[in-house]
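Report on the following structure.
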Amino acid sequence: MTRAHRPGHVTASTLIVDEDRRVLLCLHGRLGLWMQVGGHCEPGDATLAEAALREAREESGIPGLRLDPVPIDVDVHEVRCGAGDGSPAGPSMHYDVRFLAVCPAGTTTLISDESADLGWFAADELPSPLAEGVVQQLTPAFARIARP
């Protein structure tokens, strides 16, 4: 569960959707790719859903997110990841459990130190370069959101 396990570990991320069915993506500062918000589990996270919600709040600046506690996706991918102890980043597998959160109407975002940018995008107008695995989250996410 922790990044100290260098061969691989579980991470938690969140696809944030607004009332217009746009998705909030961050331009990851280190990877230079647009993706959902998320990251490593912390000792205070009792569940993966709690980790995903904490990361979503930290990286989007949005209070009042409504998280669906049932994951919409799991993605396994290799990244260069530090152990959190200041040692250099090395190859590691992330077992990323992905959740859906709906944001309140009229909300504003706040870019965190981990992101170069945040943006709202329609599903048919996603930015580039886009991280692998983003598109596969859209169908299960939108299936859980009732159309107005």
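Chain lettering (A, B, ...) mirrors the order of the structure tokens, residue numbering begins at 1 for each chain separately, and ligand numbering begins at 1 in order of display.
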
Please identify which residues in region 24-71 of chain A DSSP calls alpha helix (DSSP H) from the backbone, and express them as a PyMOL selection string.
-> chain A and resi 48-60

Export of prior selection with N, CA and C atoms as a PDB file, in the first residue's frame:
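Once everything was written out, this is out_3.pdb:
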```pdb
ATOM      1  N   LEU A  48      -9.234   2.910   0.532  1.00  0.00           N
ATOM      2  CA  LEU A  48      -8.808   3.466  -0.759  1.00  0.00           C
ATOM      3  C   LEU A  48      -9.714   4.628  -1.162  1.00  0.00           C
ATOM      4  N   ALA A  49     -10.997   4.525  -0.854  1.00  0.00           N
ATOM      5  CA  ALA A  49     -11.917   5.631  -1.171  1.00  0.00           C
ATOM      6  C   ALA A  49     -11.508   6.891  -0.421  1.00  0.00           C
ATOM      7  N   GLU A  50     -11.106   6.762   0.842  1.00  0.00           N
ATOM      8  CA  GLU A  50     -10.650   7.929   1.604  1.00  0.00           C
ATOM      9  C   GLU A  50      -9.385   8.519   0.990  1.00  0.00           C
ATOM     10  N   ALA A  51      -8.475   7.658   0.547  1.00  0.00           N
ATOM     11  CA  ALA A  51      -7.247   8.135  -0.091  1.00  0.00           C
ATOM     12  C   ALA A  51      -7.579   8.886  -1.381  1.00  0.00           C
ATOM     13  N   ALA A  52      -8.488   8.325  -2.169  1.00  0.00           N
ATOM     14  CA  ALA A  52      -8.875   8.962  -3.426  1.00  0.00           C
ATOM     15  C   ALA A  52      -9.526  10.318  -3.181  1.00  0.00           C
ATOM     16  N   LEU A  53     -10.389  10.398  -2.199  1.00  0.00           N
ATOM     17  CA  LEU A  53     -11.060  11.667  -1.897  1.00  0.00           C
ATOM     18  C   LEU A  53     -10.069  12.696  -1.356  1.00  0.00           C
ATOM     19  N   ARG A  54      -9.174  12.282  -0.488  1.00  0.00           N
ATOM     20  CA  ARG A  54      -8.158  13.204   0.038  1.00  0.00           C
ATOM     21  C   ARG A  54      -7.316  13.767  -1.099  1.00  0.00           C
ATOM     22  N   GLU A  55      -6.834  12.879  -1.970  1.00  0.00           N
ATOM     23  CA  GLU A  55      -6.024  13.320  -3.104  1.00  0.00           C
ATOM     24  C   GLU A  55      -6.825  14.256  -4.016  1.00  0.00           C
ATOM     25  N   ALA A  56      -8.093  13.930  -4.252  1.00  0.00           N
ATOM     26  CA  ALA A  56      -8.925  14.770  -5.119  1.00  0.00           C
ATOM     27  C   ALA A  56      -9.082  16.170  -4.545  1.00  0.00           C
ATOM     28  N   ARG A  57      -9.313  16.252  -3.234  1.00  0.00           N
ATOM     29  CA  ARG A  57      -9.439  17.574  -2.602  1.00  0.00           C
ATOM     30  C   ARG A  57      -8.124  18.342  -2.661  1.00  0.00           C
ATOM     31  N   GLU A  58      -7.022  17.650  -2.352  1.00  0.00           N
ATOM     32  CA  GLU A  58      -5.707  18.307  -2.351  1.00  0.00           C
ATOM     33  C   GLU A  58      -5.329  18.830  -3.733  1.00  0.00           C
ATOM     34  N   GLU A  59      -5.578  18.033  -4.752  1.00  0.00           N
ATOM     35  CA  GLU A  59      -5.099  18.383  -6.092  1.00  0.00           C
ATOM     36  C   GLU A  59      -6.065  19.247  -6.893  1.00  0.00           C
ATOM     37  N   SER A  60      -7.329  19.313  -6.477  1.00  0.00           N
ATOM     38  CA  SER A  60      -8.294  20.141  -7.208  1.00  0.00           C
ATOM     39  C   SER A  60      -8.668  21.409  -6.448  1.00  0.00           C
TER      40      SER A  60
END
```

Using only C-alpha atoms, determine which residues lie at most 9 Å from region 19-23 of chain A, disregarding the query and same-chain residues fewer than 2 positions distant; provide the list as a VMD selection string.
-> chain A and resid 15 to 17 25 36 102 to 105 119 to 123 126 138 142 145 147 to 148

CA of Thr108 (chain A) to CA of Gly44 (chain A) measures 26.6 Å

d(CA of Val97 (chain A), CA of Pro63 (chain A)) in Å | 21.4 Å

Go through region 77-129 of chain A and collect every residue that DSSP, computed from the backbone, puts in strand (DSSP E); the answer should be as a PyMOL selection string.
-> chain A and resi 77-81+90-102+115-121

Could you check how far CA of Leu67 (chain A) sits from CA of Glu125 (chain A), in Å to one decimal?
-> 24.0 Å

Could you give me, as a tab-separated table, a per-residue list for region 85-127 of chain A showing, wherever an atom lies at most 7 Å from an atom of region 4-11 of chain A, the closest pair of atoms and their distance in Å to one decimal, using only C-alpha atoms and sorting by chain then residue number from low to high?
```
residue	atom	partner	partner_atom	distance
A:Ser92	CA	A:Gly8	CA	5.0
A:Met93	CA	A:Gly8	CA	4.2
A:His94	CA	A:His9	CA	5.4
A:Tyr95	CA	A:Val10	CA	4.6
A:Asp96	CA	A:Thr11	CA	4.6
A:Val97	CA	A:Thr11	CA	6.2
```

May I have the selected residues written with C-alpha atoms, as a PDB file, in the first residue's frame?
```pdb
ATOM      1  CA  SER A  92       7.625   0.789  -9.947  1.00  0.00           C
ATOM      2  CA  MET A  93       4.219  -0.657 -10.794  1.00  0.00           C
ATOM      3  CA  HIS A  94       1.169   1.325  -9.758  1.00  0.00           C
ATOM      4  CA  TYR A  95      -2.044  -0.592  -9.149  1.00  0.00           C
ATOM      5  CA  ASP A  96      -4.298   2.435  -9.476  1.00  0.00           C
ATOM      6  CA  VAL A  97      -7.830   2.053  -8.115  1.00  0.00           C
TER       7      VAL A  97
END
```

With a distance cut-off of 12 Å and only C-alpha atoms, select the neighbouring residues of Ala131 (chain A), excluding the residue or stretch itself and same-chain residues fewer than 2 positions from it, and output the selection as a PDB file with C-alpha atoms, in the first residue's frame.
```pdb
ATOM      1  CA  LEU A  25      -8.014  16.742 -15.565  1.00  0.00           C
ATOM      2  CA  CYS A  26      -4.656  17.869 -14.240  1.00  0.00           C
ATOM      3  CA  LEU A  27      -1.505  18.358 -16.247  1.00  0.00           C
ATOM      4  CA  HIS A  28       0.877  16.316 -14.114  1.00  0.00           C
ATOM      5  CA  LEU A  31       4.975  13.459 -16.224  1.00  0.00           C
ATOM      6  CA  GLY A  32       3.688  16.232 -18.510  1.00  0.00           C
ATOM      7  CA  LEU A  33       0.467  14.296 -19.221  1.00  0.00           C
ATOM      8  CA  TRP A  34      -3.176  15.178 -18.658  1.00  0.00           C
ATOM      9  CA  MET A  35      -4.851  12.751 -16.240  1.00  0.00           C
ATOM     10  CA  GLN A  36      -7.286  12.352 -13.372  1.00  0.00           C
ATOM     11  CA  VAL A  37      -6.173  13.529  -9.934  1.00  0.00           C
ATOM     12  CA  ASP A  75      -5.309   0.317 -14.074  1.00  0.00           C
ATOM     13  CA  HIS A  77       1.015   0.787 -15.198  1.00  0.00           C
ATOM     14  CA  VAL A  79       6.042   4.666 -13.534  1.00  0.00           C
ATOM     15  CA  LEU A 126      -9.871  15.789 -24.282  1.00  0.00           C
ATOM     16  CA  PRO A 127      -6.469  17.495 -24.197  1.00  0.00           C
ATOM     17  CA  SER A 128      -3.141  16.206 -25.435  1.00  0.00           C
ATOM     18  CA  PRO A 129      -0.881  14.650 -24.377  1.00  0.00           C
ATOM     19  CA  GLY A 133      -6.139   4.896 -19.201  1.00  0.00           C
ATOM     20  CA  VAL A 134      -8.075   8.159 -18.988  1.00  0.00           C
ATOM     21  CA  VAL A 135     -10.522   7.349 -21.780  1.00  0.00           C
ATOM     22  CA  GLN A 136     -11.367   3.921 -20.329  1.00  0.00           C
ATOM     23  CA  GLN A 137     -12.794   5.640 -17.223  1.00  0.00           C
TER      24      GLN A 137
END
```
